[in-house]
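Pasting final37.cif here (mmCIF, C-alpha atoms):
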```
data_start
loop_
_atom_site.label_atom_id
_atom_site.label_comp_id
_atom_site.auth_asym_id
_atom_site.auth_seq_id
_atom_site.Cartn_x
_atom_site.Cartn_y
_atom_site.Cartn_z
CA MET A 17 -33.60 -10.24 -3.03
CA GLU A 18 -35.79 -7.46 -1.68
CA ALA A 19 -34.66 -3.96 -2.63
CA LYS A 20 -33.40 -1.59 0.07
CA TYR A 21 -35.58 1.53 0.08
CA ILE A 22 -33.10 4.01 1.52
CA PHE A 23 -32.90 6.68 -1.17
CA LYS A 24 -34.73 10.00 -1.58
CA ARG A 25 -36.13 11.37 -4.80
CA ALA A 26 -33.40 12.96 -6.91
CA MET A 27 -33.04 16.72 -7.10
CA HIS A 28 -34.30 18.32 -10.31
CA GLY A 29 -31.61 19.85 -12.49
CA ARG A 30 -28.76 17.79 -10.99
CA ALA A 31 -30.26 14.32 -10.81
CA VAL A 32 -27.18 12.42 -12.03
CA GLU A 33 -24.91 14.05 -9.42
CA ASP A 34 -27.49 13.66 -6.64
CA ILE A 35 -28.10 9.97 -7.40
CA SER A 36 -24.39 9.13 -7.55
CA LEU A 37 -23.75 10.97 -4.26
CA GLN A 38 -26.65 9.23 -2.51
CA ILE A 39 -25.45 5.80 -3.60
CA GLU A 40 -21.84 6.67 -2.69
CA ALA A 41 -22.97 7.77 0.80
CA ALA A 42 -24.89 4.50 1.21
CA ILE A 43 -21.76 2.53 0.31
CA MET A 44 -19.61 4.56 2.72
CA ASN A 45 -22.22 4.04 5.47
CA LYS A 46 -22.07 0.27 4.80
CA ASP A 47 -25.73 0.11 3.77
CA PHE A 48 -24.28 -1.88 0.88
CA LEU A 49 -21.24 -4.04 1.64
CA PRO A 50 -18.42 -5.04 -0.76
CA GLY A 51 -19.71 -7.68 -3.15
CA GLU A 52 -23.34 -6.80 -2.50
CA LYS A 53 -25.65 -6.06 -5.42
CA LEU A 54 -27.30 -2.66 -5.69
CA PRO A 55 -31.03 -2.45 -6.47
CA SER A 56 -31.80 -2.97 -10.16
CA GLU A 57 -31.97 -0.01 -12.54
CA ARG A 58 -35.76 -0.33 -12.48
CA GLU A 59 -35.85 -0.26 -8.66
CA LEU A 60 -33.48 2.74 -8.59
CA GLN A 61 -35.72 4.53 -11.09
CA LEU A 62 -38.69 4.11 -8.76
CA GLN A 63 -36.78 5.25 -5.67
CA PHE A 64 -35.18 8.28 -7.30
CA GLY A 65 -38.17 9.15 -9.47
CA THR A 66 -36.11 9.48 -12.65
CA GLY A 67 -35.67 7.81 -16.03
CA ARG A 68 -33.39 4.84 -16.67
CA GLY A 69 -30.93 6.98 -18.65
CA VAL A 70 -30.30 9.22 -15.64
CA VAL A 71 -29.75 6.19 -13.39
CA ARG A 72 -27.31 4.69 -15.90
CA GLU A 73 -25.31 7.92 -16.06
CA ALA A 74 -25.11 8.01 -12.26
CA LEU A 75 -23.89 4.39 -12.20
CA LYS A 76 -21.22 5.30 -14.76
CA VAL A 77 -19.97 8.01 -12.39
CA LEU A 78 -19.72 5.46 -9.57
CA LYS A 79 -17.92 3.02 -11.87
CA GLN A 80 -15.38 5.71 -12.80
CA LYS A 81 -14.75 6.26 -9.09
CA ASP A 82 -14.07 2.50 -8.82
CA LEU A 83 -16.87 2.11 -6.25
CA ILE A 84 -18.95 -0.35 -8.25
CA GLU A 85 -18.56 -2.90 -11.02
CA THR A 86 -21.20 -4.15 -13.43
CA LYS A 87 -21.80 -7.77 -14.36
CA LYS A 88 -23.85 -9.15 -17.23
CA GLY A 89 -26.21 -12.10 -17.35
CA ALA A 90 -29.25 -13.29 -15.42
CA ARG A 91 -27.49 -12.65 -12.10
CA GLY A 92 -25.83 -9.49 -13.30
CA GLY A 93 -26.25 -5.87 -12.26
CA ALA A 94 -24.24 -3.27 -10.33
CA PHE A 95 -22.17 -4.59 -7.40
CA VAL A 96 -20.21 -2.74 -4.73
CA LYS A 97 -16.51 -3.12 -5.42
CA GLU A 98 -14.02 -3.94 -2.71
CA ALA A 99 -11.10 -1.50 -2.52
CA GLU A 100 -7.90 -3.09 -3.79
CA VAL A 101 -4.82 -2.29 -1.73
CA GLY A 102 -2.59 -2.83 -4.75
CA LYS A 103 -4.31 -0.10 -6.75
CA ILE A 104 -4.22 2.33 -3.83
CA SER A 105 -0.52 1.61 -3.42
CA GLU A 106 0.11 2.17 -7.15
CA SER A 107 -1.72 5.50 -7.01
CA LEU A 108 0.39 6.72 -4.07
CA SER A 109 3.54 5.51 -5.78
CA LEU A 110 2.65 7.44 -8.96
CA PHE A 111 1.83 10.54 -6.91
CA LEU A 112 5.21 10.43 -5.14
CA LYS A 113 7.07 10.00 -8.44
CA GLN A 114 5.30 12.93 -10.07
CA LYS A 115 5.97 15.25 -7.11
CA GLN A 116 9.75 14.65 -7.34
CA ILE A 117 10.19 14.76 -3.58
CA ASP A 118 13.65 15.66 -2.31
CA PRO A 119 15.58 12.52 -1.20
CA GLU A 120 16.19 13.95 2.29
CA LYS A 121 12.45 14.47 2.82
CA LEU A 122 11.76 10.90 1.80
CA ILE A 123 14.55 9.57 4.04
CA GLU A 124 13.15 11.55 6.96
CA PHE A 125 9.68 10.10 6.31
CA ARG A 126 10.96 6.56 5.79
CA GLU A 127 13.04 6.60 8.97
CA SER A 128 10.12 7.74 11.13
CA ILE A 129 7.80 5.16 9.56
CA ASP A 130 10.36 2.36 9.92
CA GLN A 131 10.87 3.18 13.59
CA THR A 132 7.14 2.82 14.27
CA ILE A 133 6.89 -0.32 12.13
CA THR A 134 9.83 -1.92 13.95
CA VAL A 135 8.36 -1.36 17.42
CA LEU A 136 4.96 -2.72 16.31
CA ALA A 137 6.58 -5.69 14.54
CA ILE A 138 8.37 -6.67 17.77
CA SER A 139 5.17 -6.44 19.84
CA LYS A 140 2.69 -7.89 17.32
CA GLY A 141 4.69 -10.12 15.00
CA SER A 142 4.61 -13.86 15.62
CA LEU A 143 7.74 -15.85 16.42
CA ASN A 144 7.48 -17.56 13.01
CA GLU A 145 7.33 -14.18 11.25
CA LYS A 146 10.35 -12.91 13.17
CA GLN A 147 12.26 -16.08 12.35
CA GLU A 148 11.30 -15.70 8.67
CA LEU A 149 12.48 -12.08 8.66
CA TYR A 150 15.86 -13.11 10.06
CA GLU A 151 16.20 -15.97 7.56
CA LYS A 152 15.41 -13.63 4.66
CA ALA A 153 17.98 -11.13 5.96
CA VAL A 154 20.56 -13.92 5.98
CA GLU A 155 19.51 -14.78 2.40
CA LEU A 156 20.15 -11.18 1.37
CA SER A 157 23.68 -11.41 2.79
CA THR A 158 24.23 -14.62 0.84
CA ILE A 159 23.02 -13.03 -2.40
CA ILE A 160 25.37 -10.09 -1.90
CA LEU A 161 28.38 -12.36 -1.30
CA ASN A 162 27.79 -14.01 -4.67
CA GLU A 163 30.48 -13.18 -7.23
CA ASN A 164 27.88 -12.49 -9.92
CA ILE A 165 25.93 -9.55 -8.49
CA ASP A 166 22.28 -9.52 -9.61
CA MET A 167 20.82 -6.10 -8.75
CA ASN A 168 17.26 -7.20 -9.59
CA LEU A 169 17.54 -10.11 -7.18
CA ILE A 170 19.02 -7.87 -4.48
CA GLY A 171 16.29 -5.26 -4.98
CA GLU A 172 13.56 -7.89 -4.75
CA ALA A 173 15.07 -9.36 -1.57
CA ASP A 174 15.28 -5.90 0.03
CA ARG A 175 11.66 -5.05 -0.90
CA ASN A 176 10.43 -8.37 0.46
CA LEU A 177 12.16 -7.69 3.78
CA ASN A 178 10.58 -4.24 4.08
CA ILE A 179 7.11 -5.48 3.18
CA LEU A 180 7.34 -8.50 5.49
CA LEU A 181 8.36 -6.19 8.34
CA ALA A 182 5.34 -3.96 7.61
CA LYS A 183 2.99 -6.97 7.55
CA MET A 184 4.19 -7.94 11.03
CA THR A 185 2.51 -4.78 12.40
CA LYS A 186 -0.90 -6.32 11.56
CA ASN A 187 -1.89 -2.89 10.23
CA PRO A 188 -2.84 -2.75 6.52
CA LEU A 189 -2.12 0.99 6.34
CA PHE A 190 1.58 0.42 7.05
CA VAL A 191 1.62 -2.35 4.43
CA TRP A 192 0.23 -0.33 1.53
CA ILE A 193 2.31 2.74 2.42
CA MET A 194 5.42 0.56 2.51
CA GLU A 195 4.52 -1.06 -0.82
CA ALA A 196 3.92 2.36 -2.41
CA VAL A 197 7.21 3.76 -1.14
CA GLN A 198 9.15 0.64 -2.11
CA PHE A 199 7.88 0.52 -5.67
CA GLY A 200 7.83 4.28 -6.05
CA PHE A 201 11.31 5.08 -4.76
CA SER A 202 13.23 1.82 -4.80
CA SER A 203 16.06 3.63 -6.63
CA TYR A 204 17.12 5.33 -3.37
CA ASP A 205 17.46 1.99 -1.62
CA TYR A 206 19.23 0.62 -4.68
CA ALA A 207 21.93 3.26 -4.21
CA LEU A 208 23.10 1.38 -1.12
CA TYR A 209 23.67 -1.78 -3.15
CA GLU A 210 25.54 -0.23 -6.07
CA LYS A 211 28.91 -0.02 -4.26
CA GLU A 212 30.51 -2.99 -2.56
CA ASN A 213 31.29 -1.23 0.74
CA PHE A 214 27.74 0.09 1.20
CA ARG A 215 26.29 -3.17 -0.09
CA ARG A 216 27.99 -5.28 2.57
CA LEU A 217 27.28 -2.81 5.38
CA THR A 218 23.60 -2.62 4.43
CA ALA A 219 23.19 -6.39 4.28
CA ASP A 220 24.93 -6.86 7.63
CA ASN A 221 22.76 -4.12 9.13
CA TRP A 222 19.58 -5.82 7.88
CA LYS A 223 20.75 -9.05 9.52
CA ASN A 224 21.50 -7.28 12.80
CA THR A 225 18.13 -5.49 12.74
CA ALA A 226 16.24 -8.74 12.11
CA PHE A 227 18.25 -10.50 14.85
CA GLU A 228 17.28 -7.89 17.46
CA ILE A 229 13.63 -8.02 16.32
CA LEU A 230 13.74 -11.80 16.75
CA ASN A 231 15.19 -11.33 20.26
CA GLY A 232 12.56 -8.71 21.15
CA GLU A 233 15.08 -5.89 21.65
CA PRO A 234 13.38 -2.66 20.41
CA MET A 235 16.15 -0.23 21.41
CA LYS A 236 18.87 -2.26 19.71
CA ALA A 237 16.70 -2.78 16.62
CA LEU A 238 15.97 0.97 16.43
CA SER A 239 19.67 1.79 16.65
CA TYR A 240 20.26 -0.36 13.56
CA ILE A 241 17.33 1.34 11.80
CA GLY A 242 19.01 4.69 12.50
CA TYR A 243 22.32 3.37 11.18
CA HIS A 244 20.63 2.24 7.94
CA TYR A 245 19.50 5.78 7.23
CA CYS A 246 22.91 7.20 8.15
CA LEU A 247 24.35 4.91 5.48
CA LEU A 248 21.69 5.97 2.97
CA ARG A 249 22.35 9.68 3.56
CA GLU A 250 26.10 9.15 3.26
CA CYS A 251 25.66 7.14 0.07
CA ILE A 252 23.36 9.70 -1.62
CA ASN A 253 25.60 12.62 -0.62
CA GLU A 254 28.62 10.78 -1.98
CA LYS A 255 26.86 10.33 -5.33
CA LYS A 256 25.61 13.94 -5.35
CA TYR A 257 29.02 15.54 -4.87
CA LYS A 258 31.03 13.29 -7.17
#
```
Step by step, read the file and then write its structure as C-alpha cells.
Amino acid sequence: MEAKYIFKRAMHGRAVEDISLQIEAAIMNKDFLPGEKLPSERELQLQFGTGRGVVREALKVLKQKDLIETKKGARGGAFVKEAEVGKISESLSLFLKQKQIDPEKLIEFRESIDQTITVLAISKGSLNEKQELYEKAVELSTIILNENIDMNLIGEADRNLNILLAKMTKNPLFVWIMEAVQFGFSSYDYALYEKENFRRLTADNWKNTAFEILNGEPMKALSYIGYHYCLLRECINEKKYK
C-alpha cells in the first residue's frame, strides 16, 4: 500500500510530541480510518525527518491514548484503533463513582435523560423493540412475584430494560451514558427493590411505562417516568432518615 504523505517535518526539541500530535490530528480528521494501517516506521522517519527511536516513542504515546494498536508479523505495524463504547462507558462510570455525586443530583440528571430517551424511543423505536420492552417489563414483574427474591436477577432485568430503552433512540450517546450510569450507580435503583412495597410499585410502573411506549402515548409514558423518580426519592429519603 502506498504511504500517505500528509505529515510535516517534526519540530526540533519536541519531536516526539509534535509527531504524536500530527498523527493524532490525522486520525481525528479521518485521514486514517479505524482499522487502517499507518505508514511504516521507516516511512514515518522519512516524512518527519527523524530517527526511528523518536518515531517509536511517538507511537507509544498514541498507544497509551488508545488511538492505535500494534500488530506483529509480516502484515503487522501500527493500526488505527476503533473507539470501544464499553471502555468509554466504564471510564464515565468510574468517574461518577469517584466524584461521589449526591443522589438527588443523579436523580435529577437521570429523570431528564429518561424523559428525552422515552420520547425518542416512542418516535424511533420499532414495533418489535417496543413489544420486547413490554415483554421484558412483564418478566420483571414475574421475577418480583417469585417467593425466592433474587436481587441479582432483579438488578439485571432492570438494567436490561433501561439499556434496551436507550437503544431504541438509535443514538449511541444515550446508550453509553445509560450503560455508564447503570453500572456506576445501580445501587440507587436497587434501593427500590429492597422493600416489598417499593419493589411491587416499581415493577408495575415499569410495565405501565412500557405499555404506553408500545401504544405510542408519550404524555402517559412520561407521567410514569415522573412517578418512578418520585418513588426513588421517597425510598432514598426513607432510608436516609431511618
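Between CA of Lys255 (chain A) and CA of Ala182 (chain A) there is a distance of 28.9 Å.
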Query - Hits of the PyMOL selection byres ((chain A and resi 36) around 12) in this structure, as a PyMOL selection string - result: chain A and resi 23-24+26-27+30-35+37-43+60+64+70-81+83-84
Query raised in the report: What is the CA of Ile159 (chain A)-CA of Asn213 (chain A) distance in Å, reported with one decimal?
Result: 14.7 Å
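Atom to atom, CA of Leu238 (chain A) and CA of Glu124 (chain A) stand 14.5 Å apart.
Excluding Gln198 (chain A) itself and same-chain residues fewer than 6 positions from it, the residues having an atom within 10 Å of it are Ser105, Ser109, Gly171, Glu172, Asp174, Arg175, Asn176, Asn178, Ile179, Trp192, Tyr204 and Asp205 of chain A, counting all atoms listed in the file.
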Could you complete region 25-52 of chain A so that it carries N, CA and C atoms, and give it back as a short mmCIF file (atom, residue, chain, number, x, y, z; two decimals), in the frame of the given file?
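And here is the file that came out, rebuild.cif:
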```cif
data_model
loop_
_atom_site.label_atom_id
_atom_site.label_comp_id
_atom_site.auth_asym_id
_atom_site.auth_seq_id
_atom_site.Cartn_x
_atom_site.Cartn_y
_atom_site.Cartn_z
N ARG A 25 -35.94 10.97 -3.41
CA ARG A 25 -36.13 11.37 -4.80
C ARG A 25 -35.01 12.33 -5.20
N ALA A 26 -34.53 12.16 -6.42
CA ALA A 26 -33.40 12.96 -6.91
C ALA A 26 -33.79 14.42 -7.11
N MET A 27 -32.81 15.29 -6.92
CA MET A 27 -33.04 16.72 -7.10
C MET A 27 -33.16 17.06 -8.58
N HIS A 28 -34.13 17.89 -8.93
CA HIS A 28 -34.30 18.32 -10.31
C HIS A 28 -33.13 19.20 -10.73
N GLY A 29 -32.68 19.02 -11.96
CA GLY A 29 -31.61 19.85 -12.49
C GLY A 29 -30.22 19.28 -12.26
N ARG A 30 -30.07 18.41 -11.27
CA ARG A 30 -28.76 17.79 -10.99
C ARG A 30 -28.96 16.35 -10.52
N ALA A 31 -29.86 15.67 -11.23
CA ALA A 31 -30.26 14.32 -10.81
C ALA A 31 -29.10 13.33 -10.85
N VAL A 32 -28.28 13.38 -11.91
CA VAL A 32 -27.18 12.42 -12.03
C VAL A 32 -26.22 12.56 -10.85
N GLU A 33 -25.83 13.79 -10.54
CA GLU A 33 -24.91 14.05 -9.42
C GLU A 33 -25.53 13.63 -8.10
N ASP A 34 -26.80 13.97 -7.90
CA ASP A 34 -27.49 13.66 -6.64
C ASP A 34 -27.60 12.15 -6.44
N ILE A 35 -27.96 11.43 -7.50
CA ILE A 35 -28.10 9.97 -7.40
C ILE A 35 -26.75 9.33 -7.07
N SER A 36 -25.70 9.74 -7.79
CA SER A 36 -24.39 9.13 -7.55
C SER A 36 -23.91 9.42 -6.12
N LEU A 37 -24.17 10.62 -5.62
CA LEU A 37 -23.75 10.97 -4.26
C LEU A 37 -24.55 10.20 -3.21
N GLN A 38 -25.84 10.01 -3.46
CA GLN A 38 -26.65 9.23 -2.51
C GLN A 38 -26.18 7.78 -2.43
N ILE A 39 -25.91 7.20 -3.59
CA ILE A 39 -25.45 5.80 -3.60
C ILE A 39 -24.06 5.70 -2.97
N GLU A 40 -23.18 6.66 -3.28
CA GLU A 40 -21.84 6.67 -2.69
C GLU A 40 -21.92 6.76 -1.17
N ALA A 41 -22.80 7.62 -0.66
CA ALA A 41 -22.97 7.77 0.80
C ALA A 41 -23.46 6.46 1.41
N ALA A 42 -24.37 5.78 0.71
CA ALA A 42 -24.89 4.50 1.21
C ALA A 42 -23.79 3.45 1.29
N ILE A 43 -22.88 3.46 0.30
CA ILE A 43 -21.76 2.53 0.31
C ILE A 43 -20.81 2.85 1.46
N MET A 44 -20.51 4.15 1.64
CA MET A 44 -19.61 4.56 2.72
C MET A 44 -20.19 4.26 4.10
N ASN A 45 -21.54 4.33 4.20
CA ASN A 45 -22.22 4.04 5.47
C ASN A 45 -22.44 2.55 5.70
N LYS A 46 -21.95 1.74 4.73
CA LYS A 46 -22.07 0.27 4.80
C LYS A 46 -23.51 -0.22 4.70
N ASP A 47 -24.39 0.61 4.09
CA ASP A 47 -25.73 0.11 3.77
C ASP A 47 -25.64 -0.97 2.70
N PHE A 48 -24.60 -0.85 1.88
CA PHE A 48 -24.28 -1.88 0.88
C PHE A 48 -22.82 -2.28 1.09
N LEU A 49 -22.59 -3.56 1.33
CA LEU A 49 -21.24 -4.04 1.64
C LEU A 49 -20.51 -4.47 0.36
N PRO A 50 -19.18 -4.56 0.41
CA PRO A 50 -18.42 -5.04 -0.76
C PRO A 50 -18.95 -6.38 -1.26
N GLY A 51 -19.17 -6.46 -2.56
CA GLY A 51 -19.71 -7.68 -3.15
C GLY A 51 -21.22 -7.73 -3.22
N GLU A 52 -21.88 -6.81 -2.52
CA GLU A 52 -23.34 -6.80 -2.50
C GLU A 52 -23.90 -6.11 -3.74
#
```
